[in-house]
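Data file: query10.tsv. Format and content: TSV, C-alpha atoms.
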chain	number	residue	atom	x	y	z
A	30	MET	CA	99.01	125.44	79.03
A	31	GLU	CA	96.61	125.93	81.92
A	32	ILE	CA	97.55	125.68	85.57
A	33	TYR	CA	95.05	125.66	88.44
A	34	ALA	CA	96.44	128.59	90.39
A	35	ARG	CA	99.41	130.58	91.63
A	36	GLN	CA	99.76	132.02	95.10
A	37	GLY	CA	102.91	134.16	95.36
A	38	ASP	CA	105.85	131.88	94.68
A	39	LEU	CA	103.73	128.72	94.71
A	40	VAL	CA	102.41	127.08	91.55
A	41	ILE	CA	99.35	124.94	92.27
A	42	ASP	CA	98.91	122.37	89.54
A	43	ARG	CA	95.80	120.17	89.55
A	44	LEU	CA	96.84	116.80	88.17
A	45	THR	CA	94.84	115.06	85.47
A	46	THR	CA	96.12	111.59	86.37
A	47	PRO	CA	95.87	110.20	89.91
A	48	ILE	CA	98.99	110.15	92.06
A	49	GLU	CA	100.27	106.60	92.42
A	50	GLY	CA	102.08	105.04	95.36
A	51	ASP	CA	101.82	105.47	99.09
A	52	PHE	CA	100.39	108.40	101.01
A	53	VAL	CA	100.72	109.72	104.52
A	54	MET	CA	98.08	111.90	106.18
A	55	LYS	CA	99.27	115.37	107.16
A	56	ARG	CA	97.47	118.33	108.70
A	57	ASP	CA	97.97	122.02	107.92
A	58	LEU	CA	100.72	121.43	105.40
A	59	VAL	CA	103.17	124.34	105.16
A	60	PHE	CA	104.87	125.56	102.00
A	61	ALA	CA	107.77	128.03	101.67
A	62	GLY	CA	108.11	131.30	103.52
A	63	ASP	CA	110.23	129.78	106.24
A	64	SER	CA	112.81	132.53	106.31
A	65	SER	CA	110.29	135.36	106.41
A	66	GLY	CA	107.80	133.58	108.66
A	67	ASN	CA	105.10	134.33	106.09
A	68	ARG	CA	104.17	130.77	105.28
A	69	HIS	CA	101.56	129.34	102.94
A	70	ARG	CA	99.40	126.81	104.76
A	71	LEU	CA	96.98	124.24	103.36
A	72	LEU	CA	94.22	124.00	105.95
A	73	GLY	CA	93.01	120.67	107.23
A	74	GLU	CA	94.09	117.13	106.54
A	75	VAL	CA	95.37	115.89	103.17
A	76	SER	CA	97.05	112.74	101.89
A	77	VAL	CA	100.63	113.50	100.93
A	78	SER	CA	102.59	111.33	98.53
A	79	THR	CA	105.59	109.66	100.15
A	80	SER	CA	107.61	109.97	96.95
A	81	ASN	CA	107.90	113.78	96.97
A	82	THR	CA	111.30	115.22	96.17
A	83	GLY	CA	112.90	118.60	95.58
A	84	ARG	CA	110.73	121.66	95.13
A	85	THR	CA	107.50	119.79	94.46
A	86	THR	CA	104.89	118.33	96.82
A	87	ARG	CA	102.15	116.03	95.55
A	88	PHE	CA	99.04	115.42	97.60
A	89	ARG	CA	95.36	114.47	97.47
A	90	VAL	CA	92.60	116.75	98.75
A	91	GLN	CA	89.57	114.74	99.86
A	92	ALA	CA	87.37	117.58	101.07
A	93	ALA	CA	87.28	121.16	99.82
A	94	THR	CA	89.74	123.35	101.71
A	95	GLU	CA	91.83	126.49	101.35
A	96	LEU	CA	95.44	127.46	100.84
A	97	ILE	CA	96.04	130.53	102.97
A	98	HIS	CA	98.96	132.93	103.27
A	99	GLU	CA	99.75	133.69	106.88
A	100	LYS	CA	100.91	137.26	106.33
A	101	ALA	CA	98.03	139.51	107.37
A	102	ASP	CA	98.30	141.74	104.29
A	103	GLY	CA	99.73	139.01	102.04
A	104	HIS	CA	98.29	136.91	99.24
A	105	HIS	CA	94.59	136.19	98.95
A	106	THR	CA	93.31	132.73	99.82
A	107	THR	CA	93.19	130.06	97.11
A	108	PRO	CA	90.21	127.64	97.27
A	109	MET	CA	91.17	123.99	96.82
A	110	VAL	CA	88.53	121.62	95.49
A	111	PRO	CA	88.91	117.83	95.95
A	112	GLY	CA	91.48	116.32	93.62
A	113	ASP	CA	95.15	115.46	93.18
A	114	TYR	CA	97.63	118.33	93.15
A	115	GLU	CA	101.26	119.21	92.79
A	116	ILE	CA	102.51	122.34	94.47
A	117	ARG	CA	105.92	123.55	93.39
A	118	ILE	CA	107.89	126.66	94.12
A	119	LEU	CA	108.70	128.99	91.24
A	120	ARG	CA	112.26	128.57	90.05
A	121	GLU	CA	114.97	131.10	89.44
A	122	ARG	CA	118.59	130.99	88.31
A	123	GLY	CA	121.54	131.14	90.68
A	124	ASP	CA	125.17	130.08	90.54
A	125	GLY	CA	124.67	128.60	87.08
A	126	ALA	CA	121.86	126.28	88.12
A	127	ASP	CA	118.13	126.35	88.79
A	128	ARG	CA	116.89	126.80	92.34
A	129	ALA	CA	113.60	127.41	94.09
A	130	VAL	CA	112.67	131.02	94.73
A	131	GLU	CA	113.26	131.61	98.42
A	132	ASP	CA	111.22	133.91	100.62
B	14	MET	CA	76.41	130.14	121.97
B	15	LEU	CA	76.41	133.40	120.02
B	16	GLU	CA	75.31	132.96	116.41
B	17	ASN	CA	74.98	136.61	115.41
B	18	LEU	CA	76.49	139.79	116.80
B	19	THR	CA	74.55	142.95	117.54
B	20	SER	CA	76.03	146.24	116.37
B	21	GLU	CA	77.15	146.90	119.95
B	22	GLN	CA	78.90	143.54	120.06
B	23	GLU	CA	80.56	144.21	116.72
B	24	GLN	CA	81.83	147.48	118.15
B	25	ILE	CA	83.39	145.51	121.00
B	26	VAL	CA	85.20	143.31	118.48
B	27	GLU	CA	86.50	146.37	116.63
B	28	ALA	CA	87.58	148.05	119.86
B	29	VAL	CA	89.50	145.01	121.07
B	30	THR	CA	91.21	144.66	117.69
B	31	GLU	CA	92.36	148.28	117.68
B	32	GLU	CA	93.40	148.13	121.31
B	33	TYR	CA	95.57	145.05	120.85
B	34	ILE	CA	97.21	146.25	117.65
B	35	ALA	CA	98.05	149.56	119.32
B	36	ASP	CA	99.45	147.75	122.35
B	37	ILE	CA	102.07	145.78	120.40
B	38	THR	CA	104.37	148.78	120.01
B	39	LYS	CA	103.97	150.20	123.53
B	40	PRO	CA	107.20	150.19	125.59
B	41	THR	CA	105.37	149.30	128.81
B	42	PRO	CA	107.91	148.61	131.58
B	43	PRO	CA	107.85	145.31	133.46
B	44	ASP	CA	105.55	145.03	136.49
B	45	ILE	CA	106.98	142.41	138.82
B	46	GLU	CA	103.71	141.76	140.66
B	47	VAL	CA	101.87	141.03	137.42
B	48	ILE	CA	104.78	138.88	136.25
B	49	GLN	CA	104.82	136.87	139.46
B	50	LYS	CA	101.10	136.15	139.20
B	51	TRP	CA	101.57	134.72	135.70
B	52	LEU	CA	104.59	132.69	136.78
B	53	ASP	CA	102.51	131.17	139.57
B	54	VAL	CA	99.98	130.06	136.95
B	55	VAL	CA	102.38	128.77	134.32
B	56	TYR	CA	104.67	126.88	136.73
B	57	GLY	CA	101.56	125.56	138.44
B	58	LEU	CA	100.47	123.99	135.17
B	59	TYR	CA	103.50	121.71	135.57
B	60	ASP	CA	102.96	121.20	139.33
B	61	LEU	CA	105.96	123.39	140.03
B	62	LYS	CA	106.42	126.41	142.24
B	63	ARG	CA	107.58	129.72	140.83
B	64	PRO	CA	111.38	129.81	141.21
B	65	GLN	CA	112.96	132.21	143.65
B	66	ARG	CA	115.12	133.64	140.93
B	67	ILE	CA	113.40	135.90	138.41
B	68	GLU	CA	115.59	137.74	135.92
B	69	VAL	CA	114.22	140.54	133.78
B	70	VAL	CA	116.45	141.02	130.73
B	71	GLY	CA	116.52	143.54	127.93
B	72	SER	CA	116.21	141.37	124.83
B	73	PRO	CA	115.62	137.83	123.54
B	74	TYR	CA	119.37	137.62	122.88
B	75	ALA	CA	120.13	138.34	126.53
B	76	ALA	CA	117.52	135.79	127.59
B	77	LEU	CA	118.99	133.04	125.41
B	78	LYS	CA	122.52	133.81	126.59
B	79	LEU	CA	121.50	133.71	130.24
B	80	ALA	CA	119.59	130.47	129.70
B	81	ALA	CA	122.65	128.92	128.06
B	82	ASP	CA	124.91	130.16	130.87
B	83	LEU	CA	122.60	128.67	133.49
B	84	THR	CA	121.96	125.32	131.84
B	85	GLY	CA	125.06	124.78	129.72
B	86	VAL	CA	122.78	124.08	126.77
B	87	LYS	CA	122.52	126.42	123.82
B	88	ARG	CA	118.98	127.53	122.99
B	89	ASN	CA	117.74	129.03	119.76
B	90	ASP	CA	114.17	129.82	120.77
B	91	THR	CA	112.36	131.63	123.50
B	92	ASP	CA	109.03	130.31	124.83
B	93	TYR	CA	106.98	132.50	122.45
B	94	CYS	CA	104.71	133.27	125.38
B	95	GLY	CA	103.67	136.89	125.68
B	96	VAL	CA	103.15	139.49	122.97
B	97	ALA	CA	103.26	136.78	120.29
B	98	ASP	CA	100.07	135.36	121.78
B	99	GLY	CA	98.24	138.63	121.23
B	100	TYR	CA	96.12	137.28	118.39
B	101	TRP	CA	94.35	134.68	120.50
B	102	ILE	CA	94.50	136.66	123.73
B	103	ALA	CA	92.53	139.35	121.85
B	104	GLN	CA	90.03	136.67	120.83
B	105	PHE	CA	89.52	135.63	124.44
B	106	GLU	CA	89.42	139.30	125.51
B	107	THR	CA	86.51	139.67	123.13
B	108	TYR	CA	84.80	136.63	124.68
B	109	LEU	CA	85.39	138.17	128.13
B	110	ARG	CA	83.83	141.49	127.16
B	111	LEU	CA	80.93	139.75	125.44
B	112	GLY	CA	80.34	137.84	128.66
B	113	ILE	CA	80.81	134.38	127.16
B	114	LEU	CA	84.18	133.40	128.64
B	115	LYS	CA	83.74	130.44	130.96
B	116	PRO	CA	84.18	131.45	134.61
B	117	GLU	CA	86.78	128.73	135.14
B	118	GLU	CA	88.87	130.18	132.29
B	119	GLU	CA	88.81	133.77	133.48
B	120	HIS	CA	91.54	133.74	136.13
B	121	ASP	CA	94.29	132.16	134.06
B	122	PHE	CA	93.31	134.15	130.98
B	123	ILE	CA	93.35	137.49	132.77
B	124	THR	CA	96.68	136.63	134.38
B	125	LEU	CA	98.24	135.88	130.99
B	126	ARG	CA	96.62	138.92	129.38
B	127	ASP	CA	98.01	141.23	132.03
B	128	PHE	CA	101.43	139.60	131.78
B	129	ALA	CA	101.56	140.09	128.00
B	130	ARG	CA	100.94	143.79	128.50
B	131	VAL	CA	104.06	144.26	130.63
B	132	ALA	CA	106.51	141.79	129.12
B	133	TRP	CA	107.52	140.52	125.69
B	134	ASP	CA	108.30	136.85	126.21
B	135	THR	CA	109.87	134.34	128.56
B	136	VAL	CA	112.46	131.62	128.87
B	137	LEU	CA	111.27	129.59	131.83
B	138	LEU	CA	113.72	127.24	133.53
B	139	ASP	CA	113.19	125.13	136.63
B	140	GLU	CA	115.52	127.30	138.74
B	141	CYS	CA	115.10	130.65	137.06
B	142	ALA	CA	112.34	132.49	135.22
B	143	ILE	CA	113.78	134.77	132.56
B	144	ILE	CA	111.46	137.59	131.53
B	145	ILE	CA	112.14	139.63	128.40
B	146	ARG	CA	111.25	143.31	128.57
B	147	ARG	CA	109.22	144.90	125.83
B	148	PRO	CA	111.23	146.88	123.25
B	149	VAL	CA	111.82	150.52	124.14
B	150	ASP	CA	111.08	151.55	120.55
B	151	PHE	CA	109.06	149.61	117.97
B	152	ARG	CA	108.08	151.25	114.69
B	153	VAL	CA	105.63	149.97	112.11
B	154	ASP	CA	104.31	151.18	108.76
B	155	ASP	CA	100.71	152.15	108.02
B	156	ALA	CA	99.83	148.48	107.50
B	157	GLY	CA	101.25	147.54	110.90
B	158	ASN	CA	104.34	145.80	109.55
B	159	PRO	CA	107.71	146.33	111.28
B	160	HIS	CA	109.36	149.11	109.30
B	161	CYS	CA	111.64	152.11	109.54
B	162	ALA	CA	113.30	153.61	106.48
B	163	THR	CA	115.94	155.55	108.40
B	164	GLY	CA	117.09	153.36	111.30
B	165	PRO	CA	116.20	150.43	113.52
B	166	CYS	CA	112.50	149.60	113.60
B	167	LEU	CA	112.91	147.84	116.93
B	168	VAL	CA	115.23	148.73	119.79
B	169	TRP	CA	115.50	146.43	122.79
B	170	ALA	CA	116.10	147.71	126.31
B	171	ASP	CA	119.70	146.50	126.25
B	172	GLY	CA	120.46	148.33	122.99
B	173	GLN	CA	120.15	145.37	120.62
B	174	HIS	CA	118.21	146.41	117.55
B	175	GLU	CA	116.51	145.09	114.42
B	176	TYR	CA	115.88	146.49	110.97
B	177	ALA	CA	112.89	145.83	108.74
B	178	TRP	CA	111.53	147.09	105.44
B	179	HIS	CA	107.74	146.89	105.35
B	180	GLY	CA	107.63	143.64	107.29
B	181	THR	CA	110.75	142.02	105.86
B	182	TRP	CA	113.60	141.71	108.37
B	183	VAL	CA	116.74	142.99	106.70
B	184	ASP	CA	120.41	143.62	107.33
B	185	GLU	CA	121.34	147.02	108.76
B	186	ARG	CA	122.98	147.96	105.44
B	187	VAL	CA	119.68	147.73	103.59
B	188	ILE	CA	118.34	150.59	105.69
B	189	LYS	CA	121.46	152.63	106.37
B	190	ASN	CA	123.31	152.34	103.08
B	191	PRO	CA	121.25	150.46	100.49
B	192	ARG	CA	123.22	151.87	97.60
B	193	GLY	CA	126.45	150.63	99.16
B	194	TYR	CA	125.78	147.15	97.78
B	195	SER	CA	127.97	146.05	94.91
B	196	ARG	CA	126.63	144.26	91.85
B	197	GLU	CA	128.07	140.96	93.12
B	198	GLU	CA	126.55	141.44	96.55
B	199	TYR	CA	123.15	142.21	95.03
B	200	LEU	CA	123.20	139.12	92.83
B	201	ALA	CA	124.32	136.98	95.76
B	202	ILE	CA	121.07	137.69	97.63
B	203	SER	CA	119.11	134.46	97.23
B	204	ASN	CA	115.96	135.50	99.09
B	205	THR	CA	113.45	137.22	96.82
B	206	GLU	CA	111.88	139.24	99.66
B	207	GLN	CA	115.31	140.47	100.77
B	208	ARG	CA	116.08	141.37	97.16
B	209	ARG	CA	112.77	143.23	96.86
B	210	ALA	CA	113.34	145.11	100.12
B	211	LEU	CA	116.81	146.26	99.06
B	212	SER	CA	115.54	147.20	95.59
B	213	GLU	CA	112.73	149.31	97.05
B	214	ALA	CA	115.04	150.94	99.60
B	215	ALA	CA	117.72	151.75	97.02
B	216	GLY	CA	115.33	152.40	94.12
B	217	TRP	CA	114.65	150.22	91.11
B	218	SER	CA	116.52	152.62	88.82
B	219	TRP	CA	119.63	152.16	91.00
B	220	VAL	CA	119.23	148.39	90.69
B	221	ALA	CA	119.18	148.57	86.90
B	222	GLU	CA	122.19	150.85	86.98
B	223	ILE	CA	124.29	148.75	89.37
B	224	LEU	CA	123.50	145.59	87.41
B	225	GLY	CA	124.18	147.23	84.07
B	226	ALA	CA	120.86	145.70	83.02
B	227	LYS	CA	118.73	146.78	80.08
B	228	SER	CA	115.17	145.84	79.30
B	229	VAL	CA	115.09	143.46	76.34
B	230	ASP	CA	111.40	142.50	76.31
B	231	LYS	CA	108.17	143.49	78.03
B	232	TRP	CA	104.88	141.63	78.27
B	233	THR	CA	101.55	142.36	79.90
B	234	ASP	CA	99.19	139.51	80.71
B	235	PRO	CA	95.91	140.32	78.91
B	236	LYS	CA	93.93	138.41	81.54
B	237	THR	CA	95.37	139.98	84.70
B	238	SER	CA	97.10	143.13	83.40
B	239	LEU	CA	100.19	142.08	85.37
B	240	ASN	CA	103.30	143.29	83.62
B	241	TYR	CA	106.64	141.57	83.15
B	242	ASP	CA	109.97	142.99	82.02
B	243	LEU	CA	112.98	140.88	81.06
B	244	PHE	CA	116.34	142.53	81.83
B	245	ARG	CA	119.70	141.41	80.47
B	246	CYS	CA	123.11	142.31	81.86
B	247	GLU	CA	126.28	142.61	79.78
B	248	ASP	CA	127.60	139.31	81.14
B	249	GLY	CA	124.46	137.45	80.08
B	250	VAL	CA	122.75	137.34	83.50
B	251	GLN	CA	119.03	137.85	83.04
B	252	LEU	CA	116.39	138.92	85.53
B	253	LEU	CA	112.63	139.00	85.27
B	254	SER	CA	110.98	142.01	86.84
B	255	LYS	CA	107.39	141.15	87.66
B	256	GLN	CA	104.42	142.73	89.28
B	257	SER	CA	102.66	140.86	92.07
B	258	PRO	CA	98.93	140.22	91.83
B	259	PRO	CA	97.08	142.58	94.21
B	260	LEU	CA	97.69	141.61	97.84
B	261	LYS	CA	95.07	141.86	100.58
B	262	ASP	CA	96.01	145.50	101.21
B	263	GLY	CA	95.74	146.29	97.49
B	264	SER	CA	99.48	146.77	96.99
B	265	GLN	CA	101.32	145.12	94.09
B	266	PRO	CA	105.03	144.94	94.97
B	267	ARG	CA	107.56	144.17	92.25
B	268	TYR	CA	110.06	141.35	92.39
B	269	LEU	CA	113.26	140.86	90.40
B	270	GLU	CA	114.30	137.25	89.97
B	271	PRO	CA	117.20	135.77	87.97
B	272	VAL	CA	116.05	133.57	85.09
B	273	HIS	CA	117.73	131.36	82.53
B	274	GLU	CA	120.31	133.03	80.29
B	275	GLN	CA	118.79	131.58	77.10
B	276	LEU	CA	115.32	133.07	77.53
B	277	ARG	CA	114.45	135.78	75.04
B	278	THR	CA	111.00	137.01	76.05
B	279	ALA	CA	109.35	138.06	79.28
B	280	GLN	CA	106.32	135.84	78.63
B	281	ALA	CA	108.49	132.76	78.17
B	282	ALA	CA	110.49	133.65	81.28
B	283	ARG	CA	107.24	133.70	83.26
B	284	LYS	CA	106.40	130.21	82.02
B	285	TRP	CA	109.96	128.96	82.64
B	286	GLN	CA	109.67	129.94	86.31
B	287	ALA	CA	106.45	127.96	86.76
B	288	THR	CA	107.35	124.75	84.92
B	289	SER	CA	110.25	122.37	84.39
B	290	MET	CA	110.34	123.13	80.67
B	291	SER	CA	113.53	124.25	78.93
B	292	PRO	CA	114.00	127.85	77.75
B	293	GLU	CA	113.58	126.69	74.16
B	294	GLU	CA	110.31	124.92	74.93
B	295	CYS	CA	108.99	127.99	76.75
B	296	GLU	CA	109.95	130.28	73.86
B	297	ALA	CA	108.24	127.95	71.36
B	298	ASP	CA	104.99	127.99	73.34
B	299	PRO	CA	105.03	130.78	75.96
B	300	GLU	CA	101.30	130.69	76.76
B	301	LEU	CA	100.47	129.93	80.39
B	302	ILE	CA	97.07	130.61	81.90
B	303	TYR	CA	96.42	130.37	85.63
B	304	GLY	CA	92.90	129.68	86.90
B	305	SER	CA	93.62	132.25	89.58
B	306	GLU	CA	96.60	134.33	90.63
B	307	ALA	CA	96.94	135.72	94.12
Please re-express this file's structure in structure tokens.
Amino acid sequence: MEIYARQGDLVIDRLTTPIEGDFVMKRDLVFAGDSSGNRHRLLGEVSVSTSNTGRTTRFRVQAATELIHEKADGHHTTPMVPGDYEIRILRERGDGADRAVED
Amino acid sequence: MLENLTSEQEQIVEAVTEEYIADITKPTPPDIEVIQKWLDVVYGLYDLKRPQRIEVVGSPYAALKLAADLTGVKRNDTDYCGVADGYWIAQFETYLRLGILKPEEEHDFITLRDFARVAWDTVLLDECAIIIRRPVDFRVDDAGNPHCATGPCLVWADGQHEYAWHGTWVDERVIKNPRGYSREEYLAISNTEQRRALSEAAGWSWVAEILGAKSVDKWTDPKTSLNYDLFRCEDGVQLLSKQSPPLKDGSQPRYLEPVHEQLRTAQAARKWQATSMSPEECEADPELIYGSEA
């Protein structure tokens, strides 16, 4: 199995089939890191699927951009080429069930 | 417009950067004249006059309490106006020293810059301007992250204090008595950065000991050389110890994250974390290649 990239606790999966359904435009999308303040941010405007649930976010990148980590000495930047993606947070086990890794 | 910087101009950029980073931890006392000048500007932006009442308090906690007492409304946030603006104030400081700041921007910028050097933040109300003093003690590690391994890394003027481990805000116990955590308390920590901070403060060998965990499988990624170690406790709880890809400062911290009880190998546990596949599916085909890992 090949996956496009990982940045810390985020798995960045480039989808081979187009996302179906409705989209909403969003700018500077933020992923995880809420409790530490060290957030991952997708720069610029992307089309985000309205059917996202749980620990995954599906979106369409129209123009090349970057996923950055806001911590100054944190993760290196991940380049994002145009395409459809799913970003999900790594999972771990807790209280007998799966949960997203929290940071 | 400047397209390229001369070596002298680059030196200005470096100097401003160093100056502003060094300033963050300075316990500069409040200067009421400088504060009043900024309040004139910021209230003026809303066509208001600076209120008669100005209260200088010792911490954000005191500021939020006073604001709630005065308004009857609980607040959770300060204005984030002051030291937290240092990153862009430094940018404009650079423009000022390079001589490219617009004349009409200079007055308000300089007023804010000077304010941020003598105060931490504000909570501005119509009838009262609450000014938060800078901390009296603020310690950071070599990378500039809030950190102190022996006590508070940040002490406010009213005695309130904060603890941090290399940039991760932690409970006082993590610094003062990290090995006082029980096994149950350790496993109840759901935040991976908090878990890492405690593990580093207490020592990874202590973590293995307190958990009663033994390594059952190791794996090193041939592409990245990142290593993974699957630990199993007597009660079946399993944790994957994993090495981070190199961060911007070159460090590679370790993380310890609970994984499914039915996993048998470290490589499969790595794949289980990244997918929605079952433990059995991951064990049957544990290969997972990332285009890049950061």
Each chain A residue no farther than 6 Å from chain B, nearest pair in Å, only C-alpha atoms, as CSV:
residue,atom,partner,partner_atom,distance
A:Met30,CA,B:Leu301,CA,4.9
A:Glu31,CA,B:Ile302,CA,4.7
A:Ile32,CA,B:Tyr303,CA,4.8
A:Tyr33,CA,B:Gly304,CA,4.8
A:Ala34,CA,B:Ser305,CA,4.7
A:Arg35,CA,B:Glu306,CA,4.8
A:Gln36,CA,B:Ala307,CA,4.8
A:Asp102,CA,B:Lys261,CA,4.9
A:Gly103,CA,B:Leu260,CA,5.3
A:His104,CA,B:Leu260,CA,4.9
A:His105,CA,B:Ala307,CA,5.4
A:Leu119,CA,B:Gln286,CA,5.1
A:Arg120,CA,B:Gln286,CA,4.8
A:Glu121,CA,B:Val272,CA,5.1
A:Arg122,CA,B:Val272,CA,4.8
A:Glu131,CA,B:Asn204,CA,4.8
A:Asp132,CA,B:Asn204,CA,5.2
Q.
Can you pull out the residues contacting Thr82 in chain A? Cut-off 12 Å, using only C-alpha atoms, and skip same-chain residues under 4 positions away; I want them as a PyMOL selection string.
A. chain A and resi 77-78+86-87+115-117
**Q.** For CA of Val96 in chain B and CA of Gln173 in chain B, the interatomic separation in Å (one decimal)
**A.**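 Straight-line distance from CA of Val96 in chain B to CA of Gln173 in chain B works out to 18.1 Å.
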**Q.** Residue with smallest distance to Pro159 in chain B - pool B:Thr237, B:Thr124, B:Thr38, B:Thr135, counting only C-alpha atoms
**A.** B:Thr38
Q | Val131 in chain B surroundings by all atoms listed in the file, 7 Å radius, close-in-sequence under 2 positions cut, as a PyMOL selection string | A | chain B and resi 41-44+127-129
Export C-alpha atoms of the chosen residues as a PDB file, in the coordinates of the input?
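Result saved to again_25.pdb:
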ATOM      1  CA  THR B  41     105.370 149.300 128.810  1.00  0.00           C
ATOM      2  CA  PRO B  42     107.910 148.610 131.580  1.00  0.00           C
ATOM      3  CA  PRO B  43     107.850 145.310 133.460  1.00  0.00           C
ATOM      4  CA  ASP B  44     105.550 145.030 136.490  1.00  0.00           C
ATOM      5  CA  ASP B 127      98.010 141.230 132.030  1.00  0.00           C
ATOM      6  CA  PHE B 128     101.430 139.600 131.780  1.00  0.00           C
ATOM      7  CA  ALA B 129     101.560 140.090 128.000  1.00  0.00           C
TER       8      ALA B 129
END
Q: Tell me, in Å to one decimal, how far CA of Glu175 in chain B is from CA of Ala80 in chain B.
A: 21.4 Å
Q: For each of B:Leu15, B:Glu198, B:Leu224, B:Asp150, take the minimum atom-to-atom distance to Leu114 in chain B, counting all atoms listed in the file, then give the residue where this is smallest.
A: B:Leu15
Q. What separation in Å, quoted to one decimal, exists between CA of Asp155 in chain B and CA of Trp178 in chain B?
A.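 Separating CA of Asp155 in chain B from CA of Trp178 in chain B is a distance of 12.2 Å.
With only C-alpha atoms as the atoms that count, the residue of A:Gly112, A:Thr79, A:Leu72, A:Ala126 with the shortest distance to Phe60 in chain A is A:Leu72.
Ranking A:Val110, A:Ile118, A:Leu96, A:Ala101 by their shortest atom-to-atom distance to His69 in chain A, with all atoms listed in the file included, puts A:Leu96 first.
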